[in-house]
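Coordinates from coords.cif are shown below (mmCIF, C-alpha atoms and all ligand atoms).
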data_target
loop_
_atom_site.label_atom_id
_atom_site.label_comp_id
_atom_site.auth_asym_id
_atom_site.auth_seq_id
_atom_site.Cartn_x
_atom_site.Cartn_y
_atom_site.Cartn_z
CA MET A 120 58.66 97.41 72.62
CA ALA A 121 57.40 100.81 73.78
CA GLY A 122 59.82 103.71 73.40
CA GLU A 123 59.40 105.01 76.91
CA LEU A 124 60.04 103.02 80.03
CA ASN A 125 57.22 103.49 82.48
CA LEU A 126 58.10 102.21 85.93
CA CYS A 127 55.04 103.41 87.81
CA ARG A 128 53.84 101.28 90.73
CA GLU A 129 50.50 100.33 89.17
CA ARG A 130 52.28 98.50 86.42
CA LEU A 131 54.86 96.79 88.59
CA GLU A 132 52.19 95.66 91.01
CA GLY A 133 49.61 95.27 88.31
CA ALA A 134 47.53 92.48 86.93
CA LEU A 135 49.92 90.92 84.43
CA PRO A 136 52.80 89.76 86.64
CA ARG A 137 50.33 88.44 89.19
CA LYS A 138 48.28 86.63 86.57
CA VAL A 139 51.39 85.09 85.03
CA GLU A 140 52.56 83.96 88.43
CA GLU A 141 49.18 82.43 89.20
CA ILE A 142 49.11 80.43 85.97
CA SER A 143 52.76 79.46 85.80
CA GLY A 144 53.70 79.15 89.45
CA GLN A 145 56.83 81.14 88.58
CA ASN A 146 57.83 84.43 90.18
CA PRO A 147 58.76 86.71 87.28
CA TYR A 148 60.75 88.96 89.65
CA ALA A 149 63.16 86.13 90.45
CA CYS A 150 64.75 86.74 87.03
CA TYR A 151 67.82 88.98 87.08
CA GLN A 152 68.10 89.28 83.29
CA CYS A 153 71.33 87.35 82.79
CA GLY A 154 70.17 86.21 79.35
CA LYS A 155 71.21 82.58 79.72
CA CYS A 156 67.75 81.37 78.68
CA SER A 157 67.93 83.30 75.42
CA ALA A 158 71.51 82.25 74.73
CA GLY A 159 70.51 78.58 74.81
CA CYS A 160 67.08 78.80 73.19
CA LEU A 161 67.15 77.02 69.83
CA PHE A 162 64.07 78.88 68.69
CA ALA A 163 65.22 82.39 69.60
CA ASP A 164 66.27 83.01 65.97
CA HIS A 165 62.61 82.91 65.02
CA MET A 166 61.31 85.01 67.90
CA ASP A 167 60.51 88.73 67.77
CA VAL A 168 61.51 89.20 71.43
CA LEU A 169 63.94 86.91 73.23
CA PRO A 170 62.91 84.73 76.19
CA ASN A 171 64.65 87.01 78.73
CA GLN A 172 62.92 90.03 77.16
CA VAL A 173 59.58 88.27 77.49
CA ILE A 174 60.24 87.92 81.22
CA ARG A 175 61.29 91.57 81.40
CA LEU A 176 58.07 92.71 79.76
CA VAL A 177 56.12 90.66 82.27
CA GLN A 178 58.11 92.20 85.13
CA LEU A 179 57.22 95.64 83.78
CA GLY A 180 53.57 94.68 83.53
CA ASP A 181 53.53 95.41 79.81
CA GLU A 182 50.25 94.01 78.46
CA GLY A 183 51.66 94.46 74.97
CA VAL A 184 53.59 91.22 75.51
CA ALA A 185 50.45 89.34 74.46
CA ALA A 186 50.90 90.52 70.89
CA PHE A 187 54.41 89.11 70.44
CA ARG A 188 55.08 85.98 68.45
CA ALA A 189 57.72 84.53 70.80
CA PRO A 190 55.42 82.33 72.93
CA TRP A 191 54.04 80.75 69.75
CA VAL A 192 57.51 79.87 68.50
CA CYS A 193 58.55 78.41 71.85
CA ALA A 194 58.46 74.62 71.56
CA ALA A 195 58.23 74.03 75.34
CA CYS A 196 61.55 72.16 75.15
CA LEU A 197 62.47 73.33 78.66
CA ALA A 198 66.15 73.81 77.86
CA CYS A 199 65.84 77.25 79.47
CA ALA A 200 64.13 75.82 82.53
CA VAL A 201 67.01 73.47 83.40
CA ARG A 202 69.60 76.21 82.88
CA CYS A 203 68.20 79.29 84.59
CA PRO A 204 70.48 80.18 87.51
CA ARG A 205 67.49 81.70 89.33
CA GLY A 206 65.33 78.60 88.95
CA VAL A 207 62.75 80.30 86.74
CA ASP A 208 60.93 77.86 84.48
CA ILE A 209 60.60 80.17 81.48
CA GLY A 210 58.80 77.44 79.57
CA LYS A 211 55.97 77.80 82.08
CA VAL A 212 55.96 81.58 81.69
CA MET A 213 55.68 81.13 77.91
CA GLU A 214 52.78 78.75 78.48
CA ALA A 215 51.09 81.27 80.79
CA LEU A 216 51.27 83.87 78.01
CA ARG A 217 49.84 81.44 75.45
CA VAL A 218 47.06 80.45 77.82
CA LEU A 219 46.28 84.08 78.69
CA ALA A 220 46.05 85.02 75.01
CA LEU A 221 43.83 82.04 74.20
CA ARG A 222 41.57 82.72 77.16
CA ARG A 223 41.19 86.31 76.02
CA GLY A 224 40.18 85.15 72.58
CA LEU A 225 43.40 86.08 70.81
CA THR A 226 44.39 83.43 68.32
CA PRO A 227 47.84 82.61 66.98
CA ALA A 228 48.59 82.27 63.26
CA PRO A 229 46.55 79.43 61.72
CA LEU A 230 47.96 75.90 61.75
CA ASN A 231 49.23 74.35 58.57
CA LEU A 232 46.70 71.55 58.21
CA GLY A 233 47.22 70.72 54.54
CA GLU A 234 49.55 67.82 55.31
CA ARG A 235 49.18 64.37 56.86
CA TYR A 236 50.40 64.28 60.44
CA PRO A 237 50.55 61.58 63.08
CA GLN A 238 48.09 61.98 65.99
CA ILE A 239 50.92 62.84 68.35
CA ALA A 240 51.68 66.01 66.35
CA LEU A 241 48.05 67.06 65.95
CA VAL A 242 47.03 66.51 69.56
CA GLY A 243 50.13 68.35 70.74
CA ALA A 244 49.51 71.30 68.44
CA PHE A 245 45.80 71.54 69.25
CA ARG A 246 46.56 71.53 72.94
CA LYS A 247 49.03 74.38 72.57
CA PHE A 248 47.29 76.47 69.94
CA THR A 249 43.60 76.21 70.84
CA PRO A 250 41.85 77.14 74.11
CA MET B 284 58.24 36.21 83.37
CA LYS B 285 57.61 39.43 85.29
CA ARG B 286 54.41 41.25 84.30
CA VAL B 287 54.42 45.03 84.06
CA ALA B 288 51.53 47.29 83.08
CA TYR B 289 52.08 48.93 79.71
CA PHE B 290 50.65 52.18 78.33
CA PRO B 291 51.12 52.30 74.54
CA GLY B 292 49.71 55.70 73.51
CA CYS B 293 48.54 56.55 70.00
CA ALA B 294 51.82 56.44 68.10
CA LEU B 295 52.78 52.92 69.16
CA LYS B 296 49.60 51.63 67.51
CA ASP B 297 50.21 53.57 64.35
CA GLN B 298 53.41 54.98 62.89
CA ALA B 299 55.59 53.45 65.61
CA ARG B 300 54.19 49.89 65.48
CA GLY B 301 57.68 48.55 64.80
CA TYR B 302 58.86 50.11 68.06
CA GLU B 303 56.16 48.33 70.05
CA ALA B 304 56.67 44.97 68.35
CA GLY B 305 60.46 45.10 68.78
CA ALA B 306 60.38 46.25 72.39
CA LYS B 307 57.82 43.61 73.39
CA LYS B 308 59.80 40.75 71.90
CA ALA B 309 63.10 42.03 73.25
CA LEU B 310 61.63 42.38 76.74
CA GLU B 311 60.31 38.83 76.57
CA VAL B 312 63.86 37.66 75.96
CA LEU B 313 64.80 39.64 79.07
CA GLY B 314 62.05 38.08 81.17
CA TYR B 315 59.47 40.87 81.11
CA GLU B 316 55.95 40.79 79.77
CA LEU B 317 54.37 44.12 78.83
CA VAL B 318 50.70 43.79 79.75
CA GLU B 319 48.73 46.46 77.93
CA LEU B 320 46.14 48.33 80.00
CA SER B 321 42.77 46.80 79.17
CA ARG B 322 41.39 50.27 78.41
CA TRP B 323 43.47 53.37 78.03
CA ASN B 324 43.08 56.93 76.79
CA CYS B 325 45.33 59.59 75.29
CA CYS B 326 47.82 61.05 77.75
CA GLY B 327 47.42 64.47 76.09
CA THR B 328 50.86 64.22 74.41
CA VAL B 329 52.09 67.54 75.84
CA TYR B 330 52.19 68.13 79.57
CA ALA B 331 50.00 71.06 80.62
CA LEU B 332 52.45 73.61 82.00
CA ALA B 333 49.72 75.93 83.30
CA GLN B 334 48.99 74.98 86.87
CA ASP B 335 45.52 76.45 87.24
CA ASP B 336 43.85 74.00 84.87
CA LEU B 337 43.39 70.68 86.62
CA VAL B 338 41.14 69.22 83.95
CA ARG B 339 44.18 68.63 81.74
CA HIS B 340 45.47 66.04 84.18
CA LEU B 341 42.37 63.86 84.13
CA GLY B 342 43.50 61.88 81.09
CA PRO B 343 46.85 60.88 82.57
CA VAL B 344 45.32 60.07 85.98
CA ARG B 345 42.70 57.78 84.42
CA ASN B 346 45.54 55.70 83.03
CA LEU B 347 47.07 55.51 86.49
CA VAL B 348 43.71 54.27 87.81
CA ARG B 349 43.70 51.55 85.13
CA THR B 350 47.12 50.42 86.37
CA GLN B 351 45.88 50.32 89.95
CA GLU B 352 42.87 48.23 88.85
CA MET B 353 45.30 45.60 87.57
CA GLY B 354 46.86 45.40 91.00
CA LEU B 355 50.16 46.76 89.68
CA ASP B 356 52.10 49.80 90.80
CA GLN B 357 54.40 50.41 87.84
CA LEU B 358 53.33 51.71 84.45
CA VAL B 359 55.79 51.36 81.59
CA THR B 360 55.80 53.55 78.49
CA LEU B 361 57.87 53.33 75.34
CA CYS B 362 57.06 56.80 74.00
CA ALA B 363 59.13 59.64 75.46
CA MET B 364 56.21 62.07 75.29
CA CYS B 365 53.77 59.74 77.06
CA TYR B 366 56.44 59.16 79.68
CA GLY B 367 56.85 62.89 80.33
CA THR B 368 53.14 63.61 80.43
CA LEU B 369 52.11 60.69 82.64
CA ARG B 370 55.03 61.03 85.02
CA ARG B 371 54.63 64.78 85.46
CA SER B 372 50.86 64.60 85.94
CA GLN B 373 51.29 61.85 88.50
CA ARG B 374 53.67 64.03 90.48
CA PHE B 375 51.63 67.18 90.03
CA VAL B 376 48.39 65.74 91.39
CA GLU B 377 50.05 63.77 94.16
CA GLU B 378 52.20 66.55 95.56
CA ASP B 379 49.15 68.50 96.71
CA GLU B 380 46.38 66.96 98.78
CA GLU B 381 43.77 69.44 97.55
CA ARG B 382 44.52 68.75 93.89
CA LEU B 383 44.29 65.04 94.48
CA SER B 384 40.95 65.30 96.26
CA ARG B 385 39.53 67.54 93.54
CA ILE B 386 40.61 65.02 90.90
CA ARG B 387 39.02 62.20 92.90
CA ALA B 388 35.79 64.14 93.32
CA PHE B 389 35.67 64.92 89.62
CA MET B 390 36.01 61.32 88.55
CA ASP B 391 33.92 59.68 91.22
CA GLU B 392 32.69 57.08 88.71
CA GLU B 393 36.20 55.63 88.74
CA GLN B 394 37.89 53.57 91.40
CA GLU B 395 39.50 56.13 93.71
CA TYR B 396 43.09 56.79 92.72
CA ALA B 397 45.18 55.84 95.74
CA GLY B 398 48.39 57.43 94.43
CA GLY B 399 51.87 56.01 94.11
CA VAL B 400 51.79 54.48 90.62
CA LYS B 401 55.34 54.76 89.34
CA VAL B 402 55.64 55.73 85.70
CA LEU B 403 58.70 54.24 84.01
CA HIS B 404 60.21 54.59 80.59
CA LEU B 405 61.65 51.58 78.81
CA LEU B 406 65.10 52.99 79.58
CA ASN B 407 64.37 52.96 83.34
CA LEU B 408 63.38 49.34 83.03
CA LEU B 409 66.54 48.42 81.11
CA ARG B 410 68.92 50.26 83.42
CA ASP B 411 67.33 49.99 86.87
CA GLU B 412 65.51 46.67 86.81
CA ILE B 413 67.26 44.56 84.20
CA GLY B 414 70.75 46.03 84.24
CA PHE B 415 73.34 46.44 81.49
CA GLU B 416 75.22 43.20 82.18
CA PRO B 417 72.20 40.87 82.04
CA LEU B 418 71.17 42.78 78.92
CA GLU B 419 74.54 42.14 77.30
CA SER B 420 74.41 38.46 78.23
CA LYS B 421 71.19 37.99 76.22
CA VAL B 422 72.56 39.45 72.99
CA THR B 423 72.52 36.90 70.19
CA ARG B 424 73.52 39.21 67.37
CA PRO B 425 75.96 41.86 68.57
CA LEU B 426 75.65 45.04 66.53
CA GLU B 427 79.39 45.17 66.02
CA GLY B 428 80.61 47.87 63.72
CA LEU B 429 77.35 49.80 63.80
CA LYS B 430 77.81 53.42 64.84
CA VAL B 431 74.67 54.64 66.52
CA GLY B 432 73.83 58.20 67.54
CA ALA B 433 71.39 58.23 70.47
CA TYR B 434 69.01 61.14 70.10
CA TYR B 435 67.32 61.96 73.42
CA GLY B 436 65.41 65.11 72.54
CA CYS B 437 63.54 66.82 75.37
CA MET B 438 61.02 64.74 77.20
CA LEU B 439 63.34 61.98 78.38
CA LEU B 440 65.58 64.52 80.08
CA ARG B 441 63.68 67.63 81.09
CA PRO B 442 62.70 68.86 83.57
CA ARG B 443 65.51 67.55 85.73
CA ASP B 444 63.32 65.92 88.39
CA VAL B 445 61.49 63.65 85.95
CA GLY B 446 64.24 63.06 83.42
CA VAL B 447 65.63 59.54 83.10
CA ASP B 448 69.20 60.83 83.21
CA ASP B 449 71.40 63.92 83.59
CA PRO B 450 69.86 66.52 81.24
CA ASP B 451 73.27 67.82 80.14
CA ARG B 452 75.30 64.61 79.96
CA PRO B 453 72.98 61.65 79.60
CA GLU B 454 74.50 58.22 79.05
CA VAL B 455 71.73 55.66 79.55
CA MET B 456 70.98 55.15 75.84
CA GLU B 457 74.67 54.91 75.01
CA ARG B 458 75.10 52.29 77.75
CA VAL B 459 72.22 50.26 76.31
CA LEU B 460 73.64 50.51 72.79
CA GLY B 461 77.07 49.53 74.08
CA ALA B 462 75.57 46.46 75.76
CA LEU B 463 74.09 45.48 72.39
CA GLY B 464 77.56 45.57 70.85
CA ALA B 465 77.06 48.78 68.88
CA THR B 466 79.41 51.75 68.98
CA PRO B 467 77.57 54.74 70.45
CA VAL B 468 78.62 58.08 69.00
CA LEU B 469 78.04 61.30 70.91
CA PHE B 470 76.88 64.28 68.90
CA PRO B 471 76.31 67.83 70.15
CA GLU B 472 72.62 68.03 69.22
CA ARG B 473 71.62 64.79 70.94
CA THR B 474 69.75 66.56 73.75
CA GLU B 475 68.36 69.45 71.72
CA CYS B 476 64.74 69.90 70.66
CA CYS B 477 63.48 68.97 67.17
CA GLY B 478 60.60 71.44 67.39
CA ALA B 479 57.99 68.85 68.42
CA TYR B 480 54.39 69.91 67.72
CA LEU B 481 55.59 73.11 66.00
CA THR B 482 55.74 70.83 62.97
CA VAL B 483 52.04 71.66 62.49
CA ALA B 484 52.45 75.42 62.99
CA ARG B 485 55.95 76.19 61.72
CA PRO B 486 57.23 73.44 59.42
CA ASP B 487 60.04 75.80 58.35
CA VAL B 488 61.37 76.02 61.89
CA VAL B 489 61.20 72.26 62.39
CA GLN B 490 62.94 71.72 59.08
CA ALA B 491 65.82 73.92 60.19
CA ARG B 492 66.04 72.01 63.47
CA SER B 493 65.95 68.59 61.81
CA GLU B 494 68.71 69.61 59.47
CA ARG B 495 70.92 70.76 62.37
CA ILE B 496 70.32 67.56 64.34
CA LEU B 497 71.01 65.22 61.43
CA ALA B 498 74.06 67.20 60.34
CA SER B 499 75.43 66.94 63.85
CA ALA B 500 74.84 63.16 63.99
CA LYS B 501 76.32 62.65 60.55
CA SER B 502 79.46 64.66 61.17
CA SER B 503 80.03 62.64 64.34
CA GLY B 504 80.04 59.51 62.20
CA ALA B 505 76.66 57.95 63.00
CA ASP B 506 75.33 55.29 60.58
CA VAL B 507 71.93 55.40 62.21
CA VAL B 508 70.10 57.59 64.74
CA VAL B 509 68.03 56.03 67.53
CA THR B 510 65.13 57.67 69.31
CA SER B 511 62.29 56.73 71.64
CA CYS B 512 60.07 59.62 70.63
CA PRO B 513 57.61 59.12 67.75
CA LEU B 514 57.30 62.87 67.22
CA CYS B 515 61.07 63.30 66.93
CA GLN B 516 61.11 60.35 64.55
CA PHE B 517 58.38 61.92 62.40
CA ASN B 518 60.13 65.28 62.30
CA LEU B 519 63.59 63.89 61.58
CA GLU B 520 62.28 61.59 58.85
CA ASN B 521 59.80 63.98 57.23
CA ARG B 522 61.48 67.35 57.57
CA ARG B 523 64.94 66.29 56.50
CA PRO B 524 67.08 67.71 53.73
CA ALA B 525 67.89 65.53 50.70
CA TRP B 526 71.53 64.99 51.72
CA ALA B 527 70.43 63.13 54.85
CA ALA B 528 68.60 60.40 52.92
CA GLY B 529 71.12 57.73 53.94
CA LEU B 530 70.82 58.36 57.68
CA PRO B 531 67.87 56.35 59.01
CA VAL B 532 66.13 57.34 62.25
CA VAL B 533 64.90 54.20 64.01
CA TYR B 534 63.27 53.34 67.32
CA LEU B 535 65.02 51.99 70.38
CA GLY B 536 62.75 48.91 70.37
CA GLU B 537 63.81 48.01 66.84
CA VAL B 538 67.50 48.16 67.72
CA LEU B 539 66.90 46.02 70.82
CA ALA B 540 65.12 43.43 68.68
CA TRP B 541 67.96 43.29 66.10
CA ALA B 542 70.39 42.30 68.83
CA LEU B 543 68.19 40.17 71.10
CA VAL B 544 65.42 38.56 69.09
CA GLN B 545 66.05 35.52 66.91
CA GLY B 546 64.78 36.08 63.40
CA ALA B 547 64.14 39.82 63.83
CA THR B 548 64.09 41.59 60.48
CA VAL B 549 67.03 43.90 60.08
CA PRO B 550 66.83 46.53 57.32
CA GLU B 551 69.22 45.85 54.46
CA GLU B 552 71.42 48.90 54.95
CA ILE B 553 71.93 47.95 58.61
CA GLN B 554 72.43 44.29 57.77
CA ALA B 555 75.25 45.26 55.47
CA ARG B 556 77.04 47.04 58.31
CA ILE B 557 76.74 44.43 61.04
CA GLY B 558 77.77 41.53 58.84
CA LYS B 559 76.30 38.06 58.93
CA PRO B 560 72.73 37.43 60.14
CA ALA B 561 71.84 35.88 63.49
CA GLU B 562 74.64 33.97 65.08
CA VAL B 563 73.61 32.28 68.28
CA LYS B 564 76.18 32.87 71.01
CA ALA B 565 77.28 29.71 72.77
S1 LIG C 1 68.13 82.52 82.60
FE1 LIG C 1 66.68 82.97 84.28
S2 LIG C 1 67.57 84.74 85.36
FE2 LIG C 1 68.61 84.59 83.37
S3 LIG C 1 67.43 85.96 82.03
FE3 LIG C 1 66.58 83.92 81.78
S4 LIG C 1 64.87 83.81 83.25
FE4 LIG C 1 66.15 85.55 83.83
S1 LIG C 2 61.12 76.25 76.43
FE1 LIG C 2 60.70 77.79 74.85
S2 LIG C 2 61.84 79.61 75.50
FE2 LIG C 2 62.68 77.87 76.64
S3 LIG C 2 64.46 77.20 75.41
FE3 LIG C 2 62.67 75.96 74.79
S4 LIG C 2 61.79 77.05 73.03
FE4 LIG C 2 63.18 78.49 74.09
#

Would you write out, as structure tokens, the structure that this file holds?
Ligand code: SF4
Ligand code: SF4
Amino acid sequence: MAGELNLCRERLEGALPRKVEEISGQNPYACYQCGKCSAGCLFADHMDVLPNQVIRLVQLGDEGVAAFRAPWVCAACLACAVRCPRGVDIGKVMEALRVLALRRGLTPAPLNLGERYPQIALVGAFRKFTP
Amino acid sequence: MKRVAYFPGCALKDQARGYEAGAKKALEVLGYELVELSRWNCCGTVYALAQDDLVRHLGPVRNLVRTQEMGLDQLVTLCAMCYGTLRRSQRFVEEDEERLSRIRAFMDEEQEYAGGVKVLHLLNLLRDEIGFEPLESKVTRPLEGLKVGAYYGCMLLRPRDVGVDDPDRPEVMERVLGALGATPVLFPERTECCGAYLTVARPDVVQARSERILASAKSSGADVVVTSCPLCQFNLENRRPAWAAGLPVVYLGEVLAWALVQGATVPEEIQARIGKPAEVKA
């Protein structure tokens, strides 16, 4: 994360939070940073920023959030979504960030295709990791 | 025999064939015939969480149209992922008139989707239509002595408004297993994610998850783990540590067949635990 905290209006009212809200249907400003989503996320150990931090970066309009690995480690399990006391479906916010990255031509780390998988795994992965 | 429309999905025709065969025969014993859609397409496996991309819902809606063409208004799935995807898409397109009309306009070569097809999971059928007592009365080989850990995973339970049961304290699978004479064992990881499609991107992460889930089931005393999700089954069977070799992960339909279907093949290690083969109850 950036060293300085820039709270200027252009960022708070900027493109990123609005875009995320449009794609996810979730208001990022509903989150009050309690951290419950991160506490219960089984994949947080493998993330570079925690789910609540992802939301915070979106609130701050930090475009740098697109470069983090967290949305690609999120398994869309929705454990966070059923627990958030503010009713934020963080799973949908994670999806919005994946979709935004893919639409902008950013690609996640390559898939591990050297193994035999059932269709259900491949279709699922292709739908999440390709535009 | 009551006829209900059935959507198999890819896995039930491939690695989960035993699930389909078992569930079909067990449901026949219970008076239900699963009538496969004459033509069906992939549900997409994962529900599209982005709400500005309607095209992702076309696949699921086409399957709802197929159901409507049969003159039926319920569509049953066995796979937990198909259930989640079809049920959520159905709700998503129907809750907004504009979405529904755009979908209709896009697929104008199809019969117009009228709305209102109810997507059910096998567990809904067992609990809400058949009932636990009638289920118990049809058991010919009670699974006495078999300790079964029901593994729900994600898609049967979340989000709350489409889940088949309470996302924190589900009991429907345990009730079914109890009706079959088995001893359900609760284990802490029973509602936690296995990593799903991350198996293709991050096998290491899924391996860690599988290990946690199986360790949790084993330390709670389970002899066998039951699931209705073919992706969970793949991950738990293929990304498991060596110590878990003796803990099979089987499908709900197979377990139903062991208890309800005369002559169903029961794997040896299970057979050894439930004692003598098929005894017909008087
Ligand atoms: S649980 Fe909800 S309110 Fe709490 S930090 Fe996460 S998103 Fe924000
Ligand atoms: S949906 Fe993603 S962020 Fe939320 S708990 Fe699951 S893996 Fe973590």

For ligand LIG 2 (chain C), collect every residue having any atom at a distance of at most 7 Å from a ligand atom (counting only C-alpha atoms and all ligand atoms); output as a ChimeraX atom specification.
-> /A:156-157,159-163,170,192-200,209-210,213

Shell around region 216-223 of chain A at 9 Å using all atoms listed in the file, local window under 2 positions removed, as number ranges by chain = A: 138-139, 142, 184-186, 190-191, 211-214, 225-227, 247-250; B: 333

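Between CA of Leu347 (chain B) and CA of Val312 (chain B) there is a distance of 26.7 Å.
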
Please measure the separation of CA of Leu535 (chain B) and CA of Gly314 (chain B), giving the value in Å to one decimal.
-> 17.9 Å

If the limit is 6 Å from any atom of ligand LIG 1 (chain C), counting all atoms listed in the file, which residues qualify? Return them as an mmCIF file with C-alpha atoms, in the coordinates of the input.
data_model
loop_
_atom_site.group_PDB
_atom_site.id
_atom_site.type_symbol
_atom_site.label_atom_id
_atom_site.label_comp_id
_atom_site.auth_asym_id
_atom_site.auth_seq_id
_atom_site.Cartn_x
_atom_site.Cartn_y
_atom_site.Cartn_z
ATOM 1 C CA CYS A 150 64.750 86.740 87.030
ATOM 2 C CA TYR A 151 67.820 88.980 87.080
ATOM 3 C CA GLN A 152 68.100 89.280 83.290
ATOM 4 C CA CYS A 153 71.330 87.350 82.790
ATOM 5 C CA GLY A 154 70.170 86.210 79.350
ATOM 6 C CA LYS A 155 71.210 82.580 79.720
ATOM 7 C CA CYS A 156 67.750 81.370 78.680
ATOM 8 C CA ASN A 171 64.650 87.010 78.730
ATOM 9 C CA CYS A 203 68.200 79.290 84.590
ATOM 10 C CA PRO A 204 70.480 80.180 87.510
ATOM 11 C CA ARG A 205 67.490 81.700 89.330
ATOM 12 C CA VAL A 207 62.750 80.300 86.740
ATOM 13 C CA ILE A 209 60.600 80.170 81.480
#

Set out as a Markdown table a contact list for chain B and chain A with a cut-off of 7 Å, giving each residue of chain B that qualifies its closest atom pair and distance in Å to one decimal, counting all atoms listed in the file, ordered by chain and rising residue number.
| residue | atom | partner | partner_atom | distance |
| --- | --- | --- | --- | --- |
| B:Cys293 | CA | A:Gln238 | CA | 6.8 |
| B:Ala294 | CA | A:Ile239 | CA | 6.5 |
| B:Gly327 | CA | A:Val242 | CA | 6.9 |
| B:Thr328 | CA | A:Gly243 | CA | 5.6 |
| B:Val329 | CA | A:Gly243 | CA | 5.5 |
| B:Leu332 | CA | A:Lys211 | CA | 5.5 |
| B:Ala333 | CA | A:Ile142 | CA | 5.3 |
| B:Gln334 | CA | A:Ile142 | CA | 5.5 |
| B:Asp335 | CA | A:Ile142 | CA | 5.5 |
| B:Cys437 | CA | A:Cys196 | CA | 5.7 |
| B:Arg441 | CA | A:Leu197 | CA | 6.3 |
| B:Pro442 | CA | A:Val201 | CA | 6.3 |
| B:Arg443 | CA | A:Val201 | CA | 6.5 |
| B:Cys476 | CA | A:Cys196 | CA | 6.0 |
| B:Gly478 | CA | A:Ala194 | CA | 5.7 |
| B:Ala479 | CA | A:Ala194 | CA | 6.6 |
| B:Tyr480 | CA | A:Ala240 | CA | 4.9 |
| B:Leu481 | CA | A:Ala194 | CA | 6.4 |
| B:Val483 | CA | A:Asn231 | CA | 5.5 |
| B:Ala484 | CA | A:Leu230 | CA | 4.7 |
| B:Leu514 | CA | A:Ile239 | CA | 6.5 |

Please write N, CA and C atoms of region 428-443 of chain B, from the structure given just now, as a PDB file, in the first residue's frame.
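That gives us part24.pdb:
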ATOM      1  N   GLY B 428     -24.233 -48.174  12.488  1.00  0.00           N
ATOM      2  CA  GLY B 428     -22.823 -48.267  12.853  1.00  0.00           C
ATOM      3  C   GLY B 428     -21.911 -47.454  11.957  1.00  0.00           C
ATOM      4  N   LEU B 429     -22.458 -46.903  10.879  1.00  0.00           N
ATOM      5  CA  LEU B 429     -21.612 -46.120   9.967  1.00  0.00           C
ATOM      6  C   LEU B 429     -21.624 -44.652  10.390  1.00  0.00           C
ATOM      7  N   LYS B 430     -20.436 -44.129  10.682  1.00  0.00           N
ATOM      8  CA  LYS B 430     -20.352 -42.718  11.083  1.00  0.00           C
ATOM      9  C   LYS B 430     -20.041 -41.876   9.853  1.00  0.00           C
ATOM     10  N   VAL B 431     -20.975 -40.996   9.541  1.00  0.00           N
ATOM     11  CA  VAL B 431     -20.854 -40.236   8.304  1.00  0.00           C
ATOM     12  C   VAL B 431     -20.738 -38.743   8.590  1.00  0.00           C
ATOM     13  N   GLY B 432     -19.722 -38.121   8.013  1.00  0.00           N
ATOM     14  CA  GLY B 432     -19.557 -36.674   8.125  1.00  0.00           C
ATOM     15  C   GLY B 432     -20.155 -36.021   6.892  1.00  0.00           C
ATOM     16  N   ALA B 433     -21.190 -35.208   7.060  1.00  0.00           N
ATOM     17  CA  ALA B 433     -21.800 -34.520   5.920  1.00  0.00           C
ATOM     18  C   ALA B 433     -20.988 -33.261   5.637  1.00  0.00           C
ATOM     19  N   TYR B 434     -20.466 -33.187   4.434  1.00  0.00           N
ATOM     20  CA  TYR B 434     -19.688 -32.013   4.039  1.00  0.00           C
ATOM     21  C   TYR B 434     -20.539 -31.179   3.084  1.00  0.00           C
ATOM     22  N   TYR B 435     -20.952 -29.995   3.531  1.00  0.00           N
ATOM     23  CA  TYR B 435     -21.819 -29.134   2.730  1.00  0.00           C
ATOM     24  C   TYR B 435     -21.034 -28.296   1.738  1.00  0.00           C
ATOM     25  N   GLY B 436     -19.872 -27.771   2.163  1.00  0.00           N
ATOM     26  CA  GLY B 436     -19.168 -26.825   1.308  1.00  0.00           C
ATOM     27  C   GLY B 436     -19.955 -25.532   1.203  1.00  0.00           C
ATOM     28  N   CYS B 437     -19.819 -24.847   0.054  1.00  0.00           N
ATOM     29  CA  CYS B 437     -20.379 -23.492  -0.065  1.00  0.00           C
ATOM     30  C   CYS B 437     -21.750 -23.415  -0.712  1.00  0.00           C
ATOM     31  N   MET B 438     -21.853 -24.001  -1.893  1.00  0.00           N
ATOM     32  CA  MET B 438     -22.966 -23.641  -2.775  1.00  0.00           C
ATOM     33  C   MET B 438     -24.328 -24.141  -2.307  1.00  0.00           C
ATOM     34  N   LEU B 439     -24.355 -25.118  -1.410  1.00  0.00           N
ATOM     35  CA  LEU B 439     -25.640 -25.546  -0.862  1.00  0.00           C
ATOM     36  C   LEU B 439     -26.157 -24.543   0.160  1.00  0.00           C
ATOM     37  N   LEU B 440     -25.265 -23.737   0.715  1.00  0.00           N
ATOM     38  CA  LEU B 440     -25.626 -22.916   1.873  1.00  0.00           C
ATOM     39  C   LEU B 440     -25.561 -21.412   1.645  1.00  0.00           C
ATOM     40  N   ARG B 441     -24.741 -20.966   0.715  1.00  0.00           N
ATOM     41  CA  ARG B 441     -24.530 -19.532   0.575  1.00  0.00           C
ATOM     42  C   ARG B 441     -24.804 -19.086  -0.860  1.00  0.00           C
ATOM     43  N   PRO B 442     -25.333 -17.882  -1.046  1.00  0.00           N
ATOM     44  CA  PRO B 442     -25.781 -16.943  -0.018  1.00  0.00           C
ATOM     45  C   PRO B 442     -27.031 -17.459   0.694  1.00  0.00           C
ATOM     46  N   ARG B 443     -27.339 -16.772   1.776  1.00  0.00           N
ATOM     47  CA  ARG B 443     -28.413 -17.202   2.665  1.00  0.00           C
ATOM     48  C   ARG B 443     -29.754 -17.407   1.947  1.00  0.00           C
TER      49      ARG B 443
END
